[in-house]
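Everything below concerns the one structure shown next.
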Amino acid sequence: MRIRRIKVLNYAGIDEAEVTFPETGITIIEGVNEIGKTSMIKAVDAILGYLDSSSARPIKEAMTVGADVGPEVEVDITAGEYEFTYRKRWLRKTETVLEVSAPQHEQLSGREAHERVDQILEEAVDLDLWKALRLDQGAGLSQAKFEVSALGRALDAAAGGDVAGDREDALFDRIEAENLKLWTAGGRPRGDLGSIKSDLEAAQERADEANAHLQDLDDHADEIQRLDAAATKLQKTQSDAARNVNELAAQVDEVAKIRQAAERSKGEFERAQAVHLNARSDRERRSELVDAIETAVDDLNDAARDLEELAPARELVQARQKDAKEALTAVRLASVEERRVYELARDDRDYHRQLIEIEQFTERRDRVNDAQERLSLAEDSLESIKIDAELLERIDGAHLDLAEAKAVAARSQPTVAIKALSAIALNIDGEDIEMVADEERSVPVSGETRIVITDVTELSVRAGEDDGDVVTQVEQAQEQYDELCRQGGVRDFSDAREQVDARAHAERDQFDALKIIKQDLRDLTSDGLAGKVGRLTDRTSRYVQDRETAPSLPKDFDDAKKTERKAKQSAATAEDEASNSEILAQKTTEALHEFDVADASLRARVEIAESTLASAEKTVAEARSERSDKKLHKAEAAAKAAAEIAETAAADEQERLKGADPDSVHARLSNAEAVLQRCTGDLRENEDRSRDLRIKLSVETERGPAQHADEAATSLLEISQRHDRIESKAAATRLLHGVFKEHRNMARQRYNQPFRNQIERLGRIVYGPNFEVHLDDDLSIARRTLDGTTLDFSQLSTGAQEQLGLLARLACATLVADEGGVPVIFDDALGWTDPGRLERMGAAISTAAEDCQIIILTCVPDRYSAVGKASTVTLD
């Protein structure tokens, strides 16, 4: 299929647009966002997919808001041997018109036209291929679905096999459709097979439920007999439990009295034990104070020893720090000197650059001054010239009118012919004229003409009355001509022409001068430019005066730049050395600081140890003055003896309580009460259950459960037989589908290689010679290998995924081109591609376009500037 022309009217905000396409090659439709590029392609989908009576969402969205006219689309399409023009309008004054021009002329309208186009497309176009070779705007990076019959036939032929035709594809499609009626894609039952299995399971469940119901009724009868026997036993157990509760309650009262005596003995023991613990605590605190004195003496000795050992190492680090600081001072002085030399070299470079700027600004100033003088002269000249081109044209016309009037007058006006026989002086109508010998002159007569020959004669010549009009016309033309010359400030027509030429020359001088002034002043004024020259001159003069004599000033700008680079490198080296020296000095300072911290810490330890020792000795002395160590030991022994006596008495009472076994008595009483309560509840539940079962058994028996079980068994048998028949059919269908699918997959493996070769042929234009792809069974790109590195498609960058998606579509289009193919359409693609890859992608697209029709829509024209042999259509 080829799209030759698209025309839209009142479609999605487009008043009218029309684009024609060559049948092969590239057409780039460019325009800003929302100008209607995508809508042009959607219009093709609309006219091929929707009746003119449709009110589907895409059709409603194509209606221009606020307009009372329906969207209209017209296309010229070639599909196989068919060539046709197809027009359709929706929503308002709906219309469908089809004109087929080949292979034979047809003209249809309405639904008949729509159905005829459907027939042509079904016969001549692989519609799945039409969808696969489009990359719509916003469609993401998903790969195309290449499982289309046209590509399959092309790949099979390229692989050297028999071309699988539509008949083979249709047979497999029917087998697969039949298989999908009975099995899901995952192999689970569906359709008749799924429903018969469900019916069989339901019938089995109903039969099982009926048999289980019969069994339940038998079980109910047996349970009633069991409940009756259990009720007799529960009544005896209830009587025994009541008697046991009364006996155990008396034992619990006796145990309570023994418990009270045991608790009194326990309280006396706890008080005696507290007195003993206090006495022992006093004695232990005294021992801890004595131990603290010994510990403080040890800590004081250890701190003094560590302080003495630290002094030599600190002195060594202190000496290193001094050396590092002295070295740092020397290096810093050297760095400052190198920095000074570098800054001087930089100032020298700036000085030479400013000299260049002075020269440039001076040239601009001189050009501006010269141009301003020319501008002043031109403006003075323009101000002095009154005449312009329009007035010149009027003077030219008046001059022609005067000449014509004189010519007419010359033909009809009487004249006096004068020939001088010798040199004479004449006066004709007040004008003195001198004539030489043999000179001839013709004097026209208008009205009356007076001719005076000095000192000889005077003649008067009168014209006839009929010649007055001619004379008047000459006079009027002369007056008009003279008035226009007076307005222009010129003597005659020649002088007027010279004045206009002078005006044109002055205007050119004015334009050229203004242009030069604008170019050289730029963003400055004349005074600003002159001031800039003056400031730079003053600055450079002061710099030479103030600059130190050594080293000498470089001879030119290049020499200054070279000196600056060397000085900069030396300054950087000196600065690095200073930085390293500073780091070393910092490290020695930090090390000395650590020794100072350690010294201070040890001195603090000595002070703390001395303070602790003094405090401990003072505390012990004060404690011994209140009570001696001997008295503390004696008090602890007396408290311990009293506690032991109280402990023995409490133990005797606890043994008596233990012999009474209070926990067992309470547990037995609690259990006896629970047994009595449980027996009472069980007996009540027994009676309720027995009553419910007797009622249920009576009711269910009246419903005929045996007959219901027989009917369920019969239904199960019938459904089971039907299930066996359908399951046999399903097994045969699955086997047939499996065999065909296996052979189809083998064929795919065979023609996978031609498709891969075509992708790699185009891909190597983009990625270079070390580019390979690996395809899945569905012909999508699974992996890409580039320069020996293999990545899954999902691991690639967004730009690489988009590029491979385009290359695969182009490869498919070139393979199916012999069958006619379909247009390849890219809508705003390659948005994630860098400029280098865009140039190579342009070459790949151009290569594929030799056999295909490619349509590219873009709002960024530069993105496809590298695509050669492309026709560009700009929508505006």
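For the structure tokens, the naming scheme is as follows: chains receive sequential letters (A, B, ...) according to their order of presentation, residues are indexed from 1 within each chain, and ligands are indexed from 1 in presentation order.
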
Contact residues around Ala389 of chain A with only C-alpha atoms at 10 Å, ignoring same-chain residues under 6 positions, as JSON, numbers by chain: {"A": [395, 496, 497, 499, 500, 501, 503, 504]}

Test item: residues at most 10 Å from segment 548-558 of chain A, only C-alpha atoms, excluding those fewer than 3 positions along its chain, as number ranges by chain: A: 341, 344-345, 348-356, 543-545, 561-564

Non-local contacts of Gly489 of chain A (10 Å; only C-alpha atoms; under 4 positions in same chain excluded) as number ranges by chain: A: 384-387, 483-485, 495-496, 499

Mind dumping the selected residues with all heavy atoms as a tab-separated table (two decimals), in the first residue's frame?
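Result saved to result29.tsv:
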chain	number	residue	atom	x	y	z
A	384	SER	N	19.88	71.58	0.54
A	384	SER	CA	19.93	72.65	-0.47
A	384	SER	C	19.17	72.30	-1.74
A	384	SER	O	18.81	73.17	-2.50
A	384	SER	CB	21.39	72.97	-0.80
A	384	SER	OG	22.01	71.86	-1.43
A	385	ILE	N	18.95	71.00	-1.98
A	385	ILE	CA	18.28	70.57	-3.22
A	385	ILE	C	16.79	70.46	-2.95
A	385	ILE	O	16.35	69.65	-2.11
A	385	ILE	CB	18.85	69.22	-3.70
A	385	ILE	CG1	20.34	69.38	-4.04
A	385	ILE	CG2	18.08	68.71	-4.89
A	385	ILE	CD1	21.03	68.07	-4.37
A	386	LYS	N	16.00	71.27	-3.63
A	386	LYS	CA	14.56	71.26	-3.43
A	386	LYS	C	13.86	70.21	-4.27
A	386	LYS	O	12.80	69.73	-3.92
A	386	LYS	CB	13.97	72.65	-3.77
A	386	LYS	CG	14.50	73.77	-2.89
A	386	LYS	CD	13.88	75.09	-3.30
A	386	LYS	CE	14.42	76.24	-2.43
A	386	LYS	NZ	13.82	77.54	-2.83
A	387	ILE	N	14.43	69.89	-5.39
A	387	ILE	CA	13.75	69.00	-6.33
A	387	ILE	C	13.93	67.55	-5.92
A	387	ILE	O	14.93	67.18	-5.32
A	387	ILE	CB	14.29	69.24	-7.76
A	387	ILE	CG1	13.40	68.55	-8.79
A	387	ILE	CG2	15.75	68.76	-7.89
A	387	ILE	CD1	13.71	68.98	-10.20
A	483	GLU	N	6.92	77.56	-14.05
A	483	GLU	CA	6.50	77.48	-12.64
A	483	GLU	C	7.11	76.26	-11.94
A	483	GLU	O	7.60	76.34	-10.82
A	483	GLU	CB	4.97	77.43	-12.56
A	483	GLU	CG	4.41	77.19	-11.15
A	483	GLU	CD	4.79	78.30	-10.19
A	483	GLU	OE1	5.10	79.42	-10.64
A	483	GLU	OE2	4.80	78.04	-8.96
A	484	LEU	N	7.11	75.13	-12.63
A	484	LEU	CA	7.68	73.91	-12.04
A	484	LEU	C	9.18	74.06	-11.85
A	484	LEU	O	9.74	73.60	-10.85
A	484	LEU	CB	7.36	72.70	-12.92
A	484	LEU	CG	5.89	72.27	-12.95
A	484	LEU	CD1	5.69	71.13	-13.94
A	484	LEU	CD2	5.42	71.85	-11.56
A	485	CYS	N	9.87	74.69	-12.81
A	485	CYS	CA	11.31	74.92	-12.66
A	485	CYS	C	11.58	75.85	-11.48
A	485	CYS	O	12.54	75.66	-10.72
A	485	CYS	CB	11.89	75.51	-13.95
A	485	CYS	SG	11.98	74.31	-15.30
A	495	ASP	N	19.05	71.20	-15.96
A	495	ASP	CA	19.49	71.53	-14.60
A	495	ASP	C	18.72	70.68	-13.57
A	495	ASP	O	19.28	70.23	-12.57
A	495	ASP	CB	19.23	73.02	-14.35
A	495	ASP	CG	19.86	73.46	-13.02
A	495	ASP	OD1	20.80	72.79	-12.55
A	495	ASP	OD2	19.39	74.46	-12.44
A	496	ALA	N	17.44	70.43	-13.82
A	496	ALA	CA	16.63	69.59	-12.91
A	496	ALA	C	17.18	68.17	-12.85
A	496	ALA	O	17.28	67.55	-11.77
A	496	ALA	CB	15.18	69.57	-13.37
A	499	GLN	N	20.25	68.13	-10.74
A	499	GLN	CA	19.94	68.28	-9.32
A	499	GLN	C	19.42	66.95	-8.72
A	499	GLN	O	19.77	66.57	-7.60
A	499	GLN	CB	18.89	69.38	-9.11
A	499	GLN	CG	19.40	70.77	-9.40
A	499	GLN	CD	20.38	71.24	-8.33
A	499	GLN	OE1	20.27	70.88	-7.19
A	499	GLN	NE2	21.39	72.02	-8.76

Counting only C-alpha atoms, the residue of A:Glu626, A:Thr612, A:Gly821, A:Gly788 that sits nearest Asp126 of chain A: A:Gly821

Distance of atom CA of Lys518 of chain A from atom CA of Arg367 of chain A, expressed in Å to one decimal place: 10.8 Å

Contact residues around Ile424 of chain A with only C-alpha atoms at 8 Å, ignoring same-chain residues under 4 positions, as a ChimeraX atom specification: /A:420,434-437,453

Residue selection dump (all heavy atoms) as a PDB file, in the first residue's frame:
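Result saved to selection12.pdb:
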ATOM      1  N   ALA A 420      20.655  87.504 -42.760  1.00  0.00           N
ATOM      2  CA  ALA A 420      21.561  88.660 -42.681  1.00  0.00           C
ATOM      3  C   ALA A 420      22.522  88.597 -43.851  1.00  0.00           C
ATOM      4  O   ALA A 420      23.208  87.600 -44.040  1.00  0.00           O
ATOM      5  CB  ALA A 420      22.326  88.653 -41.358  1.00  0.00           C
ATOM      6  N   GLU A 434      22.097  89.626 -32.220  1.00  0.00           N
ATOM      7  CA  GLU A 434      23.118  89.948 -33.198  1.00  0.00           C
ATOM      8  C   GLU A 434      23.231  88.798 -34.170  1.00  0.00           C
ATOM      9  O   GLU A 434      23.285  87.641 -33.751  1.00  0.00           O
ATOM     10  CB  GLU A 434      24.464  90.207 -32.518  1.00  0.00           C
ATOM     11  CG  GLU A 434      24.476  91.465 -31.655  1.00  0.00           C
ATOM     12  CD  GLU A 434      25.846  91.716 -31.067  1.00  0.00           C
ATOM     13  OE1 GLU A 434      26.751  90.859 -31.300  1.00  0.00           O
ATOM     14  OE2 GLU A 434      26.025  92.740 -30.395  1.00  0.00           O
ATOM     15  N   MET A 435      23.283  89.095 -35.453  1.00  0.00           N
ATOM     16  CA  MET A 435      23.368  88.079 -36.494  1.00  0.00           C
ATOM     17  C   MET A 435      24.619  88.333 -37.308  1.00  0.00           C
ATOM     18  O   MET A 435      24.971  89.478 -37.619  1.00  0.00           O
ATOM     19  CB  MET A 435      22.134  88.101 -37.400  1.00  0.00           C
ATOM     20  CG  MET A 435      20.846  87.776 -36.657  1.00  0.00           C
ATOM     21  SD  MET A 435      19.393  87.839 -37.748  1.00  0.00           S
ATOM     22  CE  MET A 435      19.773  86.520 -38.877  1.00  0.00           C
ATOM     23  N   VAL A 436      25.296  87.244 -37.687  1.00  0.00           N
ATOM     24  CA  VAL A 436      26.483  87.371 -38.528  1.00  0.00           C
ATOM     25  C   VAL A 436      26.060  87.211 -39.971  1.00  0.00           C
ATOM     26  O   VAL A 436      24.925  86.839 -40.273  1.00  0.00           O
ATOM     27  CB  VAL A 436      27.534  86.312 -38.137  1.00  0.00           C
ATOM     28  CG1 VAL A 436      27.987  86.513 -36.716  1.00  0.00           C
ATOM     29  CG2 VAL A 436      26.969  84.916 -38.328  1.00  0.00           C
ATOM     30  N   ALA A 437      26.978  87.464 -40.876  1.00  0.00           N
ATOM     31  CA  ALA A 437      26.670  87.385 -42.307  1.00  0.00           C
ATOM     32  C   ALA A 437      26.237  85.978 -42.663  1.00  0.00           C
ATOM     33  O   ALA A 437      26.791  84.997 -42.162  1.00  0.00           O
ATOM     34  CB  ALA A 437      27.902  87.796 -43.121  1.00  0.00           C
ATOM     35  N   ILE A 453      15.664  97.157 -36.914  1.00  0.00           N
ATOM     36  CA  ILE A 453      17.053  97.106 -37.378  1.00  0.00           C
ATOM     37  C   ILE A 453      17.651  98.441 -36.976  1.00  0.00           C
ATOM     38  O   ILE A 453      17.214  99.491 -37.463  1.00  0.00           O
ATOM     39  CB  ILE A 453      17.143  96.891 -38.904  1.00  0.00           C
ATOM     40  CG1 ILE A 453      16.418  95.585 -39.286  1.00  0.00           C
ATOM     41  CG2 ILE A 453      18.602  96.835 -39.340  1.00  0.00           C
ATOM     42  CD1 ILE A 453      16.338  95.378 -40.783  1.00  0.00           C
TER      43      ILE A 453
END

Backbone DSSP call of helix (DSSP H, G or I) for segment 641-837 of chain A, listed as number ranges by chain: A: 641-660, 662-701, 705-767, 793-795, 798-815, 817-819, 835-837

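From atom CA of Arg863 of chain A back to atom CA of Phe826 of chain A, the distance works out to 12.6 Å.
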
Shell around Gln318 of chain A at 12 Å using only C-alpha atoms, local window under 6 positions removed, as an NGL selection string: :A and (311-312 or 324-325 or 585 or 587-596)

Just N, CA and C atoms for this one: save the residues we selected as a PDB file, in the first residue's frame.
ATOM      1  N   ALA A 311      58.304  13.144  78.221  1.00  0.00           N
ATOM      2  CA  ALA A 311      59.066  14.379  77.970  1.00  0.00           C
ATOM      3  C   ALA A 311      60.036  14.268  76.801  1.00  0.00           C
ATOM      4  N   PRO A 312      60.887  13.192  76.652  1.00  0.00           N
ATOM      5  CA  PRO A 312      61.851  13.142  75.529  1.00  0.00           C
ATOM      6  C   PRO A 312      61.173  13.138  74.161  1.00  0.00           C
ATOM      7  N   ALA A 324      60.057  22.555  60.420  1.00  0.00           N
ATOM      8  CA  ALA A 324      59.000  22.624  59.396  1.00  0.00           C
ATOM      9  C   ALA A 324      58.495  24.046  59.229  1.00  0.00           C
ATOM     10  N   LYS A 325      58.364  24.799  60.315  1.00  0.00           N
ATOM     11  CA  LYS A 325      57.900  26.186  60.217  1.00  0.00           C
ATOM     12  C   LYS A 325      58.909  27.057  59.488  1.00  0.00           C
ATOM     13  N   ALA A 585      54.101  21.136  57.971  1.00  0.00           N
ATOM     14  CA  ALA A 585      54.128  21.937  59.197  1.00  0.00           C
ATOM     15  C   ALA A 585      52.878  21.688  60.030  1.00  0.00           C
ATOM     16  N   LYS A 587      51.097  18.963  60.059  1.00  0.00           N
ATOM     17  CA  LYS A 587      51.180  17.634  60.677  1.00  0.00           C
ATOM     18  C   LYS A 587      52.075  17.663  61.923  1.00  0.00           C
ATOM     19  N   THR A 588      53.244  18.357  61.835  1.00  0.00           N
ATOM     20  CA  THR A 588      54.115  18.410  63.020  1.00  0.00           C
ATOM     21  C   THR A 588      53.455  19.195  64.147  1.00  0.00           C
ATOM     22  N   THR A 589      52.699  20.250  63.758  1.00  0.00           N
ATOM     23  CA  THR A 589      51.969  21.013  64.786  1.00  0.00           C
ATOM     24  C   THR A 589      50.913  20.142  65.458  1.00  0.00           C
ATOM     25  N   GLU A 590      50.193  19.361  64.627  1.00  0.00           N
ATOM     26  CA  GLU A 590      49.177  18.471  65.193  1.00  0.00           C
ATOM     27  C   GLU A 590      49.815  17.426  66.095  1.00  0.00           C
ATOM     28  N   ALA A 591      50.987  16.892  65.658  1.00  0.00           N
ATOM     29  CA  ALA A 591      51.665  15.889  66.491  1.00  0.00           C
ATOM     30  C   ALA A 591      52.082  16.498  67.822  1.00  0.00           C
ATOM     31  N   LEU A 592      52.648  17.741  67.771  1.00  0.00           N
ATOM     32  CA  LEU A 592      53.050  18.406  69.016  1.00  0.00           C
ATOM     33  C   LEU A 592      51.830  18.667  69.894  1.00  0.00           C
ATOM     34  N   HIS A 593      50.708  19.040  69.211  1.00  0.00           N
ATOM     35  CA  HIS A 593      49.478  19.273  69.980  1.00  0.00           C
ATOM     36  C   HIS A 593      49.025  17.995  70.688  1.00  0.00           C
ATOM     37  N   GLU A 594      49.156  16.875  70.013  1.00  0.00           N
ATOM     38  CA  GLU A 594      48.779  15.600  70.643  1.00  0.00           C
ATOM     39  C   GLU A 594      49.656  15.333  71.869  1.00  0.00           C
ATOM     40  N   PHE A 595      50.978  15.625  71.748  1.00  0.00           N
ATOM     41  CA  PHE A 595      51.855  15.441  72.909  1.00  0.00           C
ATOM     42  C   PHE A 595      51.457  16.395  74.038  1.00  0.00           C
ATOM     43  N   ASP A 596      51.092  17.655  73.693  1.00  0.00           N
ATOM     44  CA  ASP A 596      50.663  18.611  74.713  1.00  0.00           C
ATOM     45  C   ASP A 596      49.401  18.136  75.411  1.00  0.00           C
TER      46      ASP A 596
END

Check which residues of segment 87-136 of chain A sit at most 10 Å from segment 7-28 of chain A using only C-alpha atoms, and return one row each with the closest pair of atoms and their distance in Å to one decimal, ordered by chain and rising number, as JSON lines.
{"residue": "A:Arg87", "atom": "CA", "partner": "A:Lys7", "partner_atom": "CA", "distance": 9.1}
{"residue": "A:Lys88", "atom": "CA", "partner": "A:Val8", "partner_atom": "CA", "distance": 9.9}
{"residue": "A:Arg89", "atom": "CA", "partner": "A:Leu9", "partner_atom": "CA", "distance": 9.1}

Next, dump the selected residues to file, keeping only all heavy atoms, as a PDB file, in the first residue's frame.
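Result saved to selection-v2.pdb:
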ATOM      1  N   ARG A  87     -13.012   9.703  -0.240  1.00  0.00           N
ATOM      2  CA  ARG A  87     -13.358  10.901   0.524  1.00  0.00           C
ATOM      3  C   ARG A  87     -14.486  10.576   1.489  1.00  0.00           C
ATOM      4  O   ARG A  87     -15.413   9.826   1.157  1.00  0.00           O
ATOM      5  CB  ARG A  87     -13.761  12.040  -0.421  1.00  0.00           C
ATOM      6  CG  ARG A  87     -14.181  13.334   0.300  1.00  0.00           C
ATOM      7  CD  ARG A  87     -14.261  14.510  -0.669  1.00  0.00           C
ATOM      8  NE  ARG A  87     -15.130  14.237  -1.811  1.00  0.00           N
ATOM      9  CZ  ARG A  87     -16.452  14.389  -1.800  1.00  0.00           C
ATOM     10  NH1 ARG A  87     -17.063  14.820  -0.709  1.00  0.00           N
ATOM     11  NH2 ARG A  87     -17.178  14.121  -2.878  1.00  0.00           N
ATOM     12  N   LYS A  88     -14.403  11.180   2.704  1.00  0.00           N
ATOM     13  CA  LYS A  88     -15.419  10.884   3.714  1.00  0.00           C
ATOM     14  C   LYS A  88     -15.586  12.109   4.614  1.00  0.00           C
ATOM     15  O   LYS A  88     -14.612  12.779   4.955  1.00  0.00           O
ATOM     16  CB  LYS A  88     -15.012   9.662   4.533  1.00  0.00           C
ATOM     17  CG  LYS A  88     -16.114   9.110   5.429  1.00  0.00           C
ATOM     18  CD  LYS A  88     -15.654   7.818   6.117  1.00  0.00           C
ATOM     19  CE  LYS A  88     -15.516   6.669   5.146  1.00  0.00           C
ATOM     20  NZ  LYS A  88     -15.197   5.390   5.812  1.00  0.00           N
ATOM     21  N   ARG A  89     -16.849  12.411   5.001  1.00  0.00           N
ATOM     22  CA  ARG A  89     -17.160  13.496   5.931  1.00  0.00           C
ATOM     23  C   ARG A  89     -18.095  12.946   7.006  1.00  0.00           C
ATOM     24  O   ARG A  89     -19.038  12.202   6.710  1.00  0.00           O
ATOM     25  CB  ARG A  89     -17.812  14.674   5.193  1.00  0.00           C
ATOM     26  CG  ARG A  89     -18.103  15.869   6.095  1.00  0.00           C
ATOM     27  CD  ARG A  89     -18.467  17.132   5.307  1.00  0.00           C
ATOM     28  NE  ARG A  89     -19.628  16.933   4.433  1.00  0.00           N
ATOM     29  CZ  ARG A  89     -19.595  17.008   3.112  1.00  0.00           C
ATOM     30  NH1 ARG A  89     -18.447  17.282   2.503  1.00  0.00           N
ATOM     31  NH2 ARG A  89     -20.683  16.807   2.394  1.00  0.00           N
TER      32      ARG A  89
END

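Minimum distance to Asp546 of chain A across A:Asp347, A:Glu839, A:Glu636, A:Glu440 (counting only C-alpha atoms) occurs at A:Asp347.
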
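Taking only C-alpha atoms, the non-local environment of Val860 of chain A within 12 Å (same-chain residues fewer than 6 positions away omitted) comprises Ile28, Ile29, Glu30, Gly31, Val32, Asn33, Asp827, Asp828, Ala829, Leu830, Gly831 and Thr874 of chain A.
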
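Minimum atom-to-atom distance to Ser198 of chain A, evaluated using only C-alpha atoms, belongs to A:Ser720 out of A:Ser720, A:Gln677, A:Thr415, A:Thr94.
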
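Nearest residue to Arg5 of chain A among A:Ser39, A:Thr78, A:Ser865, A:Asn580 is A:Thr78, counting only C-alpha atoms.
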
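Using only C-alpha atoms, the shortest contact distance between Gln803 of chain A and any of A:Thr858, A:Gln143, A:Gln487, A:Gln225 is found at A:Gln143.
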
Nearest-residue call for Arg689 of chain A, choices A:Glu247, A:Ala230, A:Ser526, A:Ser611, using only C-alpha atoms: A:Ala230
